[in-house]
file model.cif (mmCIF, C-alpha atoms)
data_start
loop_
_atom_site.label_atom_id
_atom_site.label_comp_id
_atom_site.auth_asym_id
_atom_site.auth_seq_id
_atom_site.Cartn_x
_atom_site.Cartn_y
_atom_site.Cartn_z
CA MET A 27 -38.87 13.76 -37.76
CA LYS A 28 -36.82 10.82 -38.82
CA GLY A 29 -36.14 9.23 -35.50
CA ASP A 30 -33.71 6.71 -36.92
CA MET A 31 -31.78 9.21 -38.99
CA ALA A 32 -28.10 8.88 -38.30
CA VAL A 33 -26.48 12.02 -37.02
CA PRO A 34 -23.04 12.45 -38.57
CA GLY A 35 -20.21 13.01 -36.12
CA PRO A 36 -17.61 15.68 -36.57
CA ARG A 37 -14.25 14.96 -38.08
CA ALA A 38 -11.98 13.62 -35.35
CA PHE A 39 -9.21 16.20 -35.52
CA PRO A 40 -9.42 18.45 -38.60
CA GLY A 41 -6.30 20.08 -39.96
CA ARG A 42 -2.93 18.46 -40.53
CA SER A 43 -3.99 14.91 -39.77
CA TRP A 44 -0.68 13.46 -40.92
CA LEU A 45 0.91 14.92 -37.76
CA LEU A 46 -1.28 12.77 -35.50
CA PRO A 47 -1.31 9.03 -34.74
CA SER A 48 -3.72 6.95 -36.80
CA ALA A 49 -5.49 5.74 -33.63
CA LEU A 50 -6.69 9.31 -33.04
CA LEU A 51 -7.88 9.89 -36.59
CA ASP A 52 -9.69 6.71 -37.53
CA ASP A 53 -13.49 7.07 -37.34
CA ASP A 54 -14.33 3.46 -38.17
CA LEU A 55 -12.48 1.62 -35.44
CA ALA A 56 -14.06 -1.56 -34.23
CA PRO A 57 -15.85 -1.50 -30.84
CA GLY A 58 -13.35 -1.39 -28.05
CA SER A 59 -10.62 0.01 -30.25
CA GLY A 60 -8.85 3.25 -29.63
CA PRO A 61 -5.42 4.17 -28.41
CA GLY A 62 -3.92 0.89 -27.59
CA GLN A 63 -6.78 -1.14 -29.03
CA ASP A 64 -5.51 -1.81 -32.55
CA SER A 65 -7.37 -4.51 -34.40
CA GLY A 66 -5.64 -7.45 -35.96
CA PRO A 67 -4.29 -7.47 -39.51
CA GLY A 68 -6.87 -7.44 -42.25
CA ARG A 69 -9.70 -6.48 -39.92
CA PRO A 70 -11.94 -3.55 -40.88
CA GLY A 71 -11.17 -1.74 -37.63
CA ARG A 72 -7.39 -1.66 -38.07
CA PRO A 73 -6.28 1.96 -38.65
CA ARG A 74 -3.95 2.87 -41.48
CA ARG A 75 -0.58 4.37 -40.70
CA THR A 76 -0.23 8.10 -41.16
CA ALA A 77 2.96 9.87 -42.20
CA ARG A 78 3.74 10.42 -38.54
CA ASP A 79 3.32 6.69 -37.84
CA TRP A 80 5.80 5.81 -40.57
CA VAL A 81 8.33 8.30 -39.18
CA VAL A 82 7.89 6.94 -35.64
CA ASP A 83 8.14 3.32 -36.79
CA PHE A 84 11.28 4.03 -38.78
CA THR A 85 12.79 5.89 -35.81
CA CYS A 86 12.01 2.97 -33.50
CA PHE A 87 13.60 0.59 -35.99
CA LEU A 88 16.77 2.73 -36.17
CA MET A 89 16.88 2.97 -32.37
CA ALA A 90 16.61 -0.82 -32.07
CA VAL A 91 19.38 -1.24 -34.66
CA PHE A 92 21.61 1.33 -32.94
CA ILE A 93 21.23 -0.32 -29.53
CA GLY A 94 21.76 -3.69 -31.22
CA LEU A 95 25.05 -2.47 -32.70
CA LEU A 96 26.18 -1.38 -29.24
CA GLY A 97 25.24 -4.81 -27.96
CA MET A 98 27.24 -6.37 -30.76
CA GLU A 99 30.37 -4.65 -29.49
CA THR A 100 29.63 -6.03 -26.04
CA VAL A 101 29.25 -9.54 -27.47
CA ARG A 102 32.61 -9.28 -29.21
CA ASN A 103 34.27 -8.24 -25.96
CA GLU A 104 32.77 -11.03 -23.89
CA PRO A 105 35.47 -13.51 -22.88
CA ASP A 106 34.95 -17.23 -23.26
CA LEU A 107 31.82 -16.77 -25.43
CA PRO A 108 31.55 -19.50 -28.07
CA GLN A 109 31.61 -18.26 -31.65
CA THR A 110 28.43 -20.15 -32.49
CA PHE A 111 26.57 -18.50 -29.61
CA ALA A 112 27.87 -15.08 -30.70
CA VAL A 113 26.54 -15.66 -34.22
CA LEU A 114 23.19 -16.83 -32.80
CA ASP A 115 23.05 -13.73 -30.63
CA GLN A 116 23.50 -11.46 -33.66
CA VAL A 117 21.01 -13.36 -35.81
CA LEU A 118 18.38 -13.16 -33.08
CA GLY A 119 19.14 -9.43 -32.68
CA ALA A 120 18.66 -8.84 -36.43
CA LEU A 121 15.36 -10.75 -36.42
CA ALA A 122 14.20 -8.82 -33.35
CA CYS A 123 14.97 -5.51 -35.05
CA ALA A 124 12.97 -6.61 -38.12
CA ALA A 125 10.07 -7.65 -35.86
CA VAL A 126 9.82 -4.07 -34.63
CA TRP A 127 7.74 -3.32 -37.75
CA LEU A 128 5.04 -5.65 -36.38
CA ARG A 129 4.72 -3.81 -33.09
CA ARG A 130 1.42 -2.09 -34.00
CA ARG A 131 -0.26 -5.35 -35.04
CA TRP A 132 0.74 -7.56 -32.13
CA PRO A 133 2.03 -5.43 -29.24
CA VAL A 134 1.37 -8.10 -26.62
CA GLY A 135 2.70 -10.98 -28.70
CA LEU A 136 5.84 -9.08 -29.65
CA ALA A 137 6.54 -8.09 -26.03
CA VAL A 138 6.06 -11.66 -24.83
CA ALA A 139 8.30 -13.02 -27.60
CA MET A 140 11.01 -10.52 -26.70
CA LEU A 141 11.32 -11.89 -23.15
CA PRO A 142 13.16 -15.14 -24.09
CA VAL A 143 14.86 -13.52 -27.09
CA CYS A 144 16.35 -10.70 -24.97
CA PHE A 145 17.37 -13.23 -22.31
CA VAL A 146 19.40 -15.10 -24.92
CA SER A 147 20.51 -12.26 -27.22
CA ASN A 148 22.34 -9.15 -26.07
CA THR A 149 21.86 -7.44 -29.43
CA ALA A 150 18.04 -7.71 -29.13
CA GLY A 151 17.94 -5.34 -26.14
CA GLY A 152 16.90 -2.32 -28.24
CA ALA A 153 14.04 -4.23 -29.86
CA GLY A 154 12.93 -5.37 -26.39
CA LEU A 155 12.77 -1.76 -25.16
CA VAL A 156 10.75 -0.73 -28.23
CA ALA A 157 8.37 -3.65 -27.71
CA LEU A 158 7.87 -2.70 -24.05
CA PHE A 159 7.20 0.94 -24.99
CA THR A 160 4.67 -0.14 -27.62
CA LEU A 161 2.94 -2.40 -25.13
CA THR A 162 2.65 0.46 -22.62
CA VAL A 163 1.14 2.80 -25.21
CA HIS A 164 -1.32 0.35 -26.75
CA ARG A 165 -2.44 -1.85 -23.88
CA PRO A 166 -3.72 -1.40 -20.29
CA PHE A 167 -1.25 -1.36 -17.43
CA ARG A 168 -1.96 -4.94 -16.32
CA TYR A 169 -0.16 -6.24 -19.44
CA VAL A 170 2.76 -3.91 -18.74
CA ALA A 171 2.94 -5.01 -15.11
CA TRP A 172 3.18 -8.71 -15.97
CA ILE A 173 5.59 -8.45 -18.89
CA GLY A 174 7.67 -5.60 -17.43
CA GLY A 175 7.86 -7.43 -14.11
CA ALA A 176 9.05 -10.60 -15.83
CA SER A 177 11.70 -8.59 -17.69
CA LEU A 178 12.96 -7.03 -14.47
CA ALA A 179 13.05 -10.44 -12.79
CA LEU A 180 15.18 -11.90 -15.62
CA ASN A 181 17.67 -9.01 -15.78
CA PRO A 182 19.70 -9.96 -12.65
CA LEU A 183 19.96 -13.55 -13.91
CA PHE A 184 20.98 -12.34 -17.40
CA TYR A 185 23.80 -10.13 -16.11
CA LEU A 186 24.87 -12.91 -13.76
CA LEU A 187 25.29 -15.31 -16.68
CA ARG A 188 26.62 -12.70 -19.12
CA PRO A 189 28.27 -9.90 -17.14
CA GLU A 190 29.07 -6.56 -18.76
CA PRO A 191 32.79 -6.20 -19.44
CA ASP A 192 32.89 -2.48 -18.57
CA LEU A 193 30.25 -2.31 -15.79
CA ALA A 194 29.93 -3.80 -12.38
CA TYR A 195 27.10 -6.24 -11.81
CA ALA A 196 25.11 -3.89 -9.54
CA TRP A 197 25.43 -0.95 -11.90
CA ALA A 198 24.34 -3.05 -14.85
CA VAL A 199 21.21 -4.21 -13.00
CA LEU A 200 20.39 -0.66 -11.88
CA LEU A 201 20.89 0.67 -15.41
CA ALA A 202 18.49 -1.96 -16.77
CA LEU A 203 15.97 -1.06 -14.05
CA PHE A 204 16.26 2.63 -14.87
CA LEU A 205 15.80 2.08 -18.61
CA THR A 206 12.76 -0.13 -18.03
CA ALA A 207 11.15 2.41 -15.70
CA ALA A 208 11.90 5.28 -18.10
CA ILE A 209 10.40 3.41 -21.07
CA VAL A 210 7.26 2.47 -19.09
CA GLY A 211 6.85 6.02 -17.78
CA TRP A 212 7.24 7.51 -21.24
CA GLY A 213 4.73 5.05 -22.70
CA MET A 214 2.17 5.78 -19.95
CA PHE A 215 2.51 9.51 -20.61
CA VAL A 216 1.89 8.99 -24.34
CA ARG A 217 -1.09 6.74 -23.63
CA SER A 218 -2.68 9.19 -21.18
CA LYS A 219 -2.23 12.02 -23.67
CA ARG A 220 -3.95 10.03 -26.41
CA GLN A 221 -6.80 9.06 -24.11
CA LEU A 222 -7.29 12.72 -23.21
CA MET A 223 -7.45 13.69 -26.88
CA LEU A 224 -9.92 10.89 -27.57
CA SER A 225 -12.10 12.06 -24.68
CA PHE A 226 -12.14 15.55 -26.22
CA ARG A 227 -13.16 14.02 -29.55
CA ASP A 228 -15.95 12.02 -27.93
CA ARG A 229 -17.22 15.08 -26.12
CA ALA A 230 -17.28 17.03 -29.36
CA ARG A 231 -19.17 14.22 -31.07
CA ARG A 232 -21.70 13.97 -28.26
CA ALA A 233 -22.18 17.74 -28.21
CA GLU A 234 -22.79 17.88 -31.96
CA THR A 235 -25.11 14.88 -31.81
CA GLU A 236 -27.10 16.42 -28.98
CA ALA A 237 -27.27 19.72 -30.87
CA ALA A 238 -28.58 17.94 -33.97
CA LEU A 239 -31.16 16.05 -31.90
CA ARG A 240 -32.26 19.26 -30.22
CA ALA A 241 -32.63 20.90 -33.63
CA GLU A 242 -34.72 17.99 -34.89
CA GLN A 243 -36.88 18.10 -31.77
CA ALA A 244 -37.38 21.84 -32.20
CA GLN A 245 -38.43 21.29 -35.81
CA ARG A 246 -40.85 18.57 -34.77
CA LEU A 247 -42.38 20.77 -32.06
CA ALA A 248 -42.66 23.64 -34.52
CA ARG A 249 -44.44 21.41 -37.05
CA GLU A 250 -46.81 20.17 -34.37
CA SER A 251 -47.54 23.72 -33.27
CA ILE A 252 -48.20 24.80 -36.85
CA ALA A 253 -50.49 21.84 -37.47
CA ARG A 254 -52.39 22.46 -34.23
CA GLU A 255 -52.80 26.16 -34.98
CA MET A 256 -54.00 25.58 -38.54
CA HIS A 257 -56.47 23.00 -37.31
CA ASP A 258 -57.81 25.30 -34.61
CA VAL A 259 -58.10 28.31 -36.89
CA LEU A 260 -59.46 26.70 -40.07
CA ALA A 261 -61.59 23.84 -38.78
CA HIS A 262 -64.21 26.18 -37.32
CA ARG A 263 -64.51 28.25 -40.50
CA LEU A 264 -64.56 25.30 -42.85
CA THR A 265 -67.20 23.53 -40.77
CA LEU A 266 -69.47 26.54 -41.13
CA LEU A 267 -68.94 26.40 -44.88
CA SER A 268 -69.75 22.69 -44.96
CA VAL A 269 -72.92 23.02 -42.86
CA HIS A 270 -74.44 25.88 -44.84
CA ALA A 271 -73.39 24.45 -48.20
CA GLY A 272 -75.05 21.15 -47.20
CA ALA A 273 -78.21 23.01 -46.19
CA LEU A 274 -78.39 24.73 -49.56
CA GLU A 275 -77.80 21.40 -51.31
CA PHE A 276 -80.54 19.49 -49.48
CA ARG A 277 -83.06 22.38 -49.36
CA PRO A 278 -83.12 23.97 -52.79
CA ASP A 279 -86.70 25.14 -52.12
CA ALA A 280 -85.79 27.10 -48.98
CA PRO A 281 -87.06 30.67 -48.68
CA ARG A 282 -85.02 33.26 -50.48
CA ALA A 283 -84.18 35.10 -47.24
CA GLU A 284 -82.74 31.91 -45.70
CA ILE A 285 -80.73 31.20 -48.87
CA VAL A 286 -79.35 34.74 -48.84
CA ARG A 287 -78.43 34.43 -45.17
CA ALA A 288 -76.70 31.07 -45.72
CA ALA A 289 -74.82 32.43 -48.72
CA GLY A 290 -73.69 35.41 -46.65
CA VAL A 291 -72.41 33.13 -43.90
CA ILE A 292 -70.57 31.02 -46.50
CA ARG A 293 -69.00 34.10 -48.04
CA GLU A 294 -68.00 35.55 -44.67
CA SER A 295 -66.60 32.24 -43.41
CA ALA A 296 -64.60 31.71 -46.59
CA HIS A 297 -63.21 35.24 -46.36
CA GLU A 298 -62.21 34.81 -42.71
CA ALA A 299 -60.69 31.38 -43.41
CA LEU A 300 -58.57 32.84 -46.19
CA GLN A 301 -57.55 35.73 -43.96
CA ASP A 302 -56.52 33.36 -41.17
CA LEU A 303 -54.58 31.21 -43.64
CA ARG A 304 -52.74 34.27 -44.96
CA GLU A 305 -51.79 35.29 -41.43
CA ILE A 306 -50.43 31.83 -40.60
CA ILE A 307 -48.43 31.68 -43.84
CA GLY A 308 -47.10 35.16 -43.11
CA VAL A 309 -45.91 34.05 -39.70
CA LEU A 310 -44.18 31.00 -41.23
CA ARG A 311 -42.44 33.11 -43.85
CA ALA A 312 -41.28 35.66 -41.30
CA GLY A 313 -39.96 32.91 -39.05
CA GLU A 314 -41.37 34.63 -35.98
CA PRO A 315 -43.25 33.12 -33.06
CA ASP A 316 -46.97 32.72 -33.48
CA GLU A 317 -47.80 35.29 -30.82
CA ALA A 318 -45.74 37.93 -32.63
CA GLY A 319 -47.46 37.40 -35.98
CA ARG A 320 -51.08 38.06 -35.05
CA PRO A 321 -53.25 38.60 -31.96
CA GLN A 322 -54.33 35.46 -30.14
CA PRO A 323 -57.88 34.93 -28.87
CA THR A 324 -58.52 35.19 -25.15
CA LEU A 325 -61.43 34.44 -22.87
CA THR A 326 -63.12 37.72 -23.80
CA ALA A 327 -63.48 36.44 -27.38
CA LEU A 328 -65.63 33.54 -26.21
CA ASP A 329 -68.81 35.64 -26.41
CA THR A 330 -68.05 36.45 -30.06
CA LEU A 331 -67.46 32.78 -30.83
CA VAL A 332 -70.80 31.78 -29.29
CA ALA A 333 -72.61 34.57 -31.13
CA GLU A 334 -71.06 33.47 -34.40
CA CYS A 335 -72.23 29.90 -33.83
CA ARG A 336 -75.74 31.09 -33.01
CA GLU A 337 -75.85 33.08 -36.24
CA ALA A 338 -74.89 29.91 -38.06
CA GLY A 339 -77.99 28.20 -36.64
CA MET A 340 -76.53 26.38 -33.63
CA LYS A 341 -78.21 26.26 -30.23
CA VAL A 342 -75.54 27.32 -27.77
CA THR A 343 -75.88 28.21 -24.11
CA LEU A 344 -72.97 30.01 -22.49
CA ASP A 345 -72.77 29.84 -18.72
CA GLN A 346 -69.86 31.78 -17.25
CA HIS A 347 -68.96 31.92 -13.57
CA VAL A 348 -65.59 33.64 -13.54
CA THR A 349 -64.80 36.01 -10.70
CA ASP A 350 -62.62 38.36 -12.75
CA ARG A 351 -62.43 37.70 -16.47
CA ALA A 352 -59.81 40.41 -16.98
CA ALA A 353 -57.50 38.71 -14.48
CA VAL A 354 -57.50 35.36 -16.30
CA PRO A 355 -53.95 34.65 -17.59
CA ALA A 356 -53.63 35.03 -21.35
CA SER A 357 -52.38 31.45 -21.81
CA VAL A 358 -55.30 30.02 -19.82
CA GLY A 359 -57.83 32.16 -21.66
CA ARG A 360 -56.40 31.22 -25.04
CA THR A 361 -56.47 27.52 -24.16
CA ALA A 362 -60.07 27.79 -22.92
CA TYR A 363 -61.10 29.55 -26.13
CA ARG A 364 -59.48 26.89 -28.33
CA ILE A 365 -61.13 24.10 -26.34
CA ALA A 366 -64.57 25.70 -26.67
CA GLN A 367 -63.99 26.39 -30.37
CA GLU A 368 -63.02 22.81 -31.15
CA CYS A 369 -65.89 21.38 -29.10
CA LEU A 370 -68.44 23.59 -30.88
CA THR A 371 -66.98 22.54 -34.22
CA ASN A 372 -67.27 18.87 -33.29
CA ALA A 373 -70.84 19.33 -32.02
CA ARG A 374 -71.82 21.05 -35.26
CA LYS A 375 -70.45 18.11 -37.26
CA HIS A 376 -71.49 15.15 -35.13
CA ALA A 377 -74.61 16.40 -33.30
CA PRO A 378 -76.39 18.89 -35.57
CA GLY A 379 -79.52 20.37 -34.03
CA ALA A 380 -78.53 19.49 -30.45
CA GLU A 381 -78.21 22.25 -27.89
CA VAL A 382 -74.63 22.73 -26.72
CA THR A 383 -73.87 23.99 -23.24
CA VAL A 384 -70.58 25.74 -22.58
CA THR A 385 -69.80 26.20 -18.89
CA VAL A 386 -66.82 28.24 -17.76
CA THR A 387 -65.96 28.58 -14.09
CA GLY A 388 -62.88 29.69 -12.21
CA ALA A 389 -61.28 31.85 -9.58
CA PRO A 390 -57.69 32.71 -8.68
CA GLY A 391 -56.18 29.94 -6.62
CA GLU A 392 -59.08 27.55 -7.32
CA GLY A 393 -58.32 26.76 -10.96
CA PHE A 394 -60.18 27.23 -14.20
CA THR A 395 -62.67 24.76 -15.64
CA VAL A 396 -64.18 24.52 -19.12
CA ARG A 397 -67.00 22.06 -19.74
CA VAL A 398 -68.73 21.60 -23.08
CA ARG A 399 -71.63 19.16 -23.35
CA ASN A 400 -74.18 18.25 -25.96
CA PRO A 401 -76.99 15.69 -25.73
CA ALA A 402 -77.65 13.03 -28.32
CA PRO A 403 -78.58 14.46 -31.73
CA PRO A 404 -82.33 14.68 -32.34
CA GLY A 405 -82.22 12.68 -35.55
CA GLU A 406 -80.00 10.45 -37.62
CA VAL A 407 -76.65 12.02 -38.33
CA PRO A 408 -74.91 11.28 -41.64
CA HIS A 409 -71.38 10.02 -41.44
CA VAL A 410 -68.88 12.84 -41.13
CA PRO A 411 -65.25 11.96 -41.86
CA GLY A 412 -62.87 12.82 -39.07
CA SER A 413 -59.58 11.57 -37.70
CA GLY A 414 -60.00 12.54 -34.06
CA GLN A 415 -56.96 14.80 -34.22
CA GLY A 416 -58.93 17.67 -32.70
CA LEU A 417 -59.41 15.96 -29.33
CA ILE A 418 -55.79 14.84 -29.36
CA GLY A 419 -54.72 18.43 -29.95
CA LEU A 420 -56.96 19.64 -27.12
CA THR A 421 -55.41 17.12 -24.73
CA GLU A 422 -51.94 18.33 -25.73
CA ARG A 423 -52.96 21.95 -25.23
CA ALA A 424 -54.33 21.28 -21.77
CA THR A 425 -51.22 19.32 -20.81
CA LEU A 426 -48.90 22.06 -22.04
CA ALA A 427 -50.88 24.58 -20.00
CA GLY A 428 -50.33 22.47 -16.89
CA GLY A 429 -53.85 21.03 -16.73
CA ARG A 430 -55.72 18.00 -17.96
CA LEU A 431 -58.62 17.20 -20.26
CA ASP A 432 -61.21 14.41 -20.13
CA HIS A 433 -63.71 13.57 -22.84
CA GLY A 434 -66.08 10.80 -23.71
CA PRO A 435 -69.70 9.78 -24.37
CA GLU A 436 -72.36 9.94 -21.66
CA ALA A 437 -75.12 7.57 -20.65
CA ASP A 438 -77.86 9.49 -22.51
CA GLY A 439 -75.96 9.36 -25.78
CA GLY A 440 -74.45 12.80 -25.47
CA PHE A 441 -70.82 13.81 -25.38
CA ALA A 442 -68.92 15.89 -22.85
CA VAL A 443 -65.49 17.47 -22.69
CA ARG A 444 -64.09 18.80 -19.42
CA ALA A 445 -60.79 20.63 -19.04
CA ALA A 446 -59.20 21.69 -15.76
CA LEU A 447 -56.55 24.40 -16.06
CA PRO A 448 -54.39 26.03 -13.37
CA TRP A 449 -55.09 29.61 -12.27
CA ASP A 450 -52.73 30.64 -9.51
#

call {"tool": "encode", "arguments": {"input": "model.cif", "output": "structure tokens"}}
result
Amino acid sequence: MKGDMAVPGPRAFPGRSWLLPSALLDDDLAPGSGPGQDSGPGRPGRPRRTARDWVVDFTCFLMAVFIGLLGMETVRNEPDLPQTFAVLDQVLGALACAAVWLRRRWPVGLAVAMLPVCFVSNTAGGAGLVALFTLTVHRPFRYVAWIGGASLALNPLFYLLRPEPDLAYAWAVLLALFLTAAIVGWGMFVRSKRQLMLSFRDRARRAETEAALRAEQAQRLARESIAREMHDVLAHRLTLLSVHAGALEFRPDAPRAEIVRAAGVIRESAHEALQDLREIIGVLRAGEPDEAGRPQPTLTALDTLVAECREAGMKVTLDQHVTDRAAVPASVGRTAYRIAQECLTNARKHAPGAEVTVTVTGAPGEGFTVRVRNPAPPGEVPHVPGSGQGLIGLTERATLAGGRLDHGPEADGGFAVRAALPWD
């Protein structure tokens, strides 16, 4: 399994993406970005406008211009207003309307800049409302509270200095308060809706990522199971082949009867190894569980395994103290068989000629124990290549069965393996 393999996330919102805001569609936003977290201009995390964004921006611009035109009529009707100040008011209003196009890049900066501009210019009121709405959508509420609060605090002073010709002072202040509250409420609704959609997107991404990781883990476990099964099934047969082929190689002058017997064991072991390999490959092709593809060995097959090893020339002593062999759970019996099979294979390779003792004890409620021991080999043993994967596989088997396995050399030079398995 490639542990560092990146798991691709799903597309944010498939379908007509041009109908959604760019903040909900962009998959490469910088950390901390999202709805209301636009990056600065030129940064890699800044989302591109969609068709919907362009329509909304143009609508906001037209709204700011329309409100500015209404403010222009108010400026013309103000008595005692200097002509120069009226022109300045309109110029500032035009610049504020043009600045509306920058609202996505600098929502906080635009809203702050609109505070003094709207205090001076009556025609910039529409742009100020758009800037406050943008700030509410794209930034947390603490920014809205400070800037919106400052705007509400300046409104009574503004209408005191520049009263509305057609409205009383109290009504003008209340109208400004109502518009500010409506804009903030609308912006908070839009922001909460976007955050909800983003949470749905994140959940979908996490679910797909977890599904991909679970699939990878299942594949890894399947590969480990296949490798363990092939090792358990083929190692025993191939070891018999190696031992008898080595005997024929180093004893060409052996009696004919012994040569015939060794050749028969080699032929039978090769045939059984090929048969086991075919069965495993058949299970893999069918895609079925291992237990459904072929019968699994149980504790009752341990006698056959020991007899087979004795026929191959090994000295094996089987000592069984099991109260009811038929009552042993199938999983426990299969694990015990595989442990004994692997230990006998290792003893044949690493301690040829030594007598191996297999002790099996157990009772319901007391647990099940398998102990395989061999003394030091009687003579010098040639180097046998091995990776130690067999003992690792046995430890995994015992752990999966709910037990434990201990192994290691003994003081007399021998080697012992002891497995304790549950038997409820």

call {"tool": "residues_near_point", "arguments": {"input": "model.cif", "point": "(-70.5, 31.9, -42.4)", "cutoff": "10 Å", "atoms": "all atoms listed in the file", "output": "list in words"}}
result
His262, Arg263, Leu264, Thr265, Leu266, Leu267, Ser268, Val269, His270, Ala271, Arg287, Ala288, Ala289, Gly290, Val291, Ile292, Arg293, Glu294, Ser295, Ala296, His297, Glu298, Ala299, Glu334, Cys335, Glu337 and Ala338 of chain A

call {"tool": "resolve_selection", "arguments": {"input": "model.cif", "expression": "the PyMOL selection byres ((chain A and resi 433) around 8)", "output": "list in words"}}
result
Leu431, Asp432, Gly434, Pro435, Phe441, Ala442, Val443 and Arg444 of chain A

call {"tool": "closest_residue", "arguments": {"input": "model.cif", "among": "A:Val384, A:Ala233, A:Ala139, A:Ala90", "to": "A:Val156", "atoms": "all atoms listed in the file"}}
result
A:Ala90

call {"tool": "resolve_selection", "arguments": {"input": "model.cif", "expression": "the PyMOL selection byres ((chain A and resi 423-430) around 9)", "output": "list in words"}}
result
Ser357, Val358, Thr361, Ala362, Arg364, Ile365, Ile418, Gly419, Leu420, Thr421, Glu422, Leu431, Asp432, Arg444, Ala445, Ala446, Leu447 and Pro448 of chain A

call {"tool": "residues_around", "arguments": {"input": "model.cif", "residues": "A:Pro189", "least_positions_apart": "6", "cutoff": "10 Å", "atoms": "only C-alpha atoms", "output": "list in words"}}
result
Thr100, Glu104, Pro105, Pro182, Leu183, Tyr195, Ala198 and Val199 of chain A

call {"tool": "write_last_selection", "arguments": {"input": "model.cif", "atoms": "C-alpha atoms", "output": "PDB file, keeping the file's coordinate frame"}}
result
ATOM      1  CA  THR A 100      29.630  -6.030 -26.040  1.00  0.00           C
ATOM      2  CA  GLU A 104      32.770 -11.030 -23.890  1.00  0.00           C
ATOM      3  CA  PRO A 105      35.470 -13.510 -22.880  1.00  0.00           C
ATOM      4  CA  PRO A 182      19.700  -9.960 -12.650  1.00  0.00           C
ATOM      5  CA  LEU A 183      19.960 -13.550 -13.910  1.00  0.00           C
ATOM      6  CA  TYR A 195      27.100  -6.240 -11.810  1.00  0.00           C
ATOM      7  CA  ALA A 198      24.340  -3.050 -14.850  1.00  0.00           C
ATOM      8  CA  VAL A 199      21.210  -4.210 -13.000  1.00  0.00           C
TER       9      VAL A 199
END

call {"tool": "atom_distance", "arguments": {"input": "model.cif", "atom1": "atom CA of A:Thr110", "atom2": "atom CA of A:Val146"}}
result
12.8 Å

call {"tool": "closest_atom_pairs", "arguments": {"input": "model.cif", "of": "stretch 146-221 of chain A", "to": "stretch 121-129 of chain A", "cutoff": "9 Å", "atoms": "all atoms listed in the file", "output": "tab-separated table"}}
result
residue	atom	partner	partner_atom	distance
A:Thr149	CA	A:Ala122	CA	8.7
A:Ala150	CA	A:Ala122	CA	5.8
A:Gly151	CA	A:Ala122	CA	8.8
A:Gly152	CA	A:Cys123	CA	7.8
A:Ala153	CA	A:Cys123	CA	5.4
A:Gly154	CA	A:Ala122	CA	7.9
A:Val156	CA	A:Val126	CA	7.3
A:Ala157	CA	A:Arg129	CA	6.5
A:Thr160	CA	A:Arg129	CA	6.6
A:Leu161	CA	A:Arg129	CA	8.3

call {"tool": "atom_distance", "arguments": {"input": "model.cif", "atom1": "atom CA of A:Arg360", "atom2": "atom CA of A:Pro323"}}
result
5.5 Å

call {"tool": "atom_distance", "arguments": {"input": "model.cif", "atom1": "atom CA of A:Asp450", "atom2": "atom CA of A:Phe394"}}
result
9.4 Å

call {"tool": "closest_residue", "arguments": {"input": "model.cif", "among": "A:Gly388, A:Gly213, A:Gly119, A:Gly359", "to": "A:Gly94", "atoms": "all atoms listed in the file"}}
result
A:Gly119

call {"tool": "decode", "arguments": {"input": "model.cif", "residues": "stretch 412-438 of chain A", "atoms": "C-alpha atoms", "output": "PDB file, in the first residue's frame"}}
result
ATOM      1  CA  GLY A 412      15.478 -17.644   5.294  1.00  0.00           C
ATOM      2  CA  SER A 413      13.916 -14.283   6.021  1.00  0.00           C
ATOM      3  CA  GLY A 414      12.161 -15.091   9.280  1.00  0.00           C
ATOM      4  CA  GLN A 415       8.782 -14.259   7.771  1.00  0.00           C
ATOM      5  CA  GLY A 416       7.356 -17.560   8.995  1.00  0.00           C
ATOM      6  CA  LEU A 417       7.655 -16.684  12.688  1.00  0.00           C
ATOM      7  CA  ILE A 418       6.316 -13.209  11.990  1.00  0.00           C
ATOM      8  CA  GLY A 419       3.316 -14.759  10.268  1.00  0.00           C
ATOM      9  CA  LEU A 420       2.762 -17.130  13.189  1.00  0.00           C
ATOM     10  CA  THR A 421       2.785 -14.224  15.635  1.00  0.00           C
ATOM     11  CA  GLU A 422       0.210 -12.419  13.497  1.00  0.00           C
ATOM     12  CA  ARG A 423      -1.964 -15.535  13.329  1.00  0.00           C
ATOM     13  CA  ALA A 424      -1.904 -16.002  17.078  1.00  0.00           C
ATOM     14  CA  THR A 425      -2.703 -12.333  17.653  1.00  0.00           C
ATOM     15  CA  LEU A 426      -5.615 -12.402  15.207  1.00  0.00           C
ATOM     16  CA  ALA A 427      -6.970 -15.466  17.002  1.00  0.00           C
ATOM     17  CA  GLY A 428      -6.902 -13.553  20.285  1.00  0.00           C
ATOM     18  CA  GLY A 429      -3.827 -15.276  21.712  1.00  0.00           C
ATOM     19  CA  ARG A 430      -0.094 -14.769  21.809  1.00  0.00           C
ATOM     20  CA  LEU A 431       3.040 -16.546  20.624  1.00  0.00           C
ATOM     21  CA  ASP A 432       6.533 -16.684  22.124  1.00  0.00           C
ATOM     22  CA  HIS A 433       9.612 -18.141  20.457  1.00  0.00           C
ATOM     23  CA  GLY A 434      13.328 -18.166  20.959  1.00  0.00           C
ATOM     24  CA  PRO A 435      16.451 -20.279  21.544  1.00  0.00           C
ATOM     25  CA  GLU A 436      16.947 -22.293  24.732  1.00  0.00           C
ATOM     26  CA  ALA A 437      19.934 -22.802  26.981  1.00  0.00           C
ATOM     27  CA  ASP A 438      20.860 -26.198  25.484  1.00  0.00           C
TER      28      ASP A 438
END
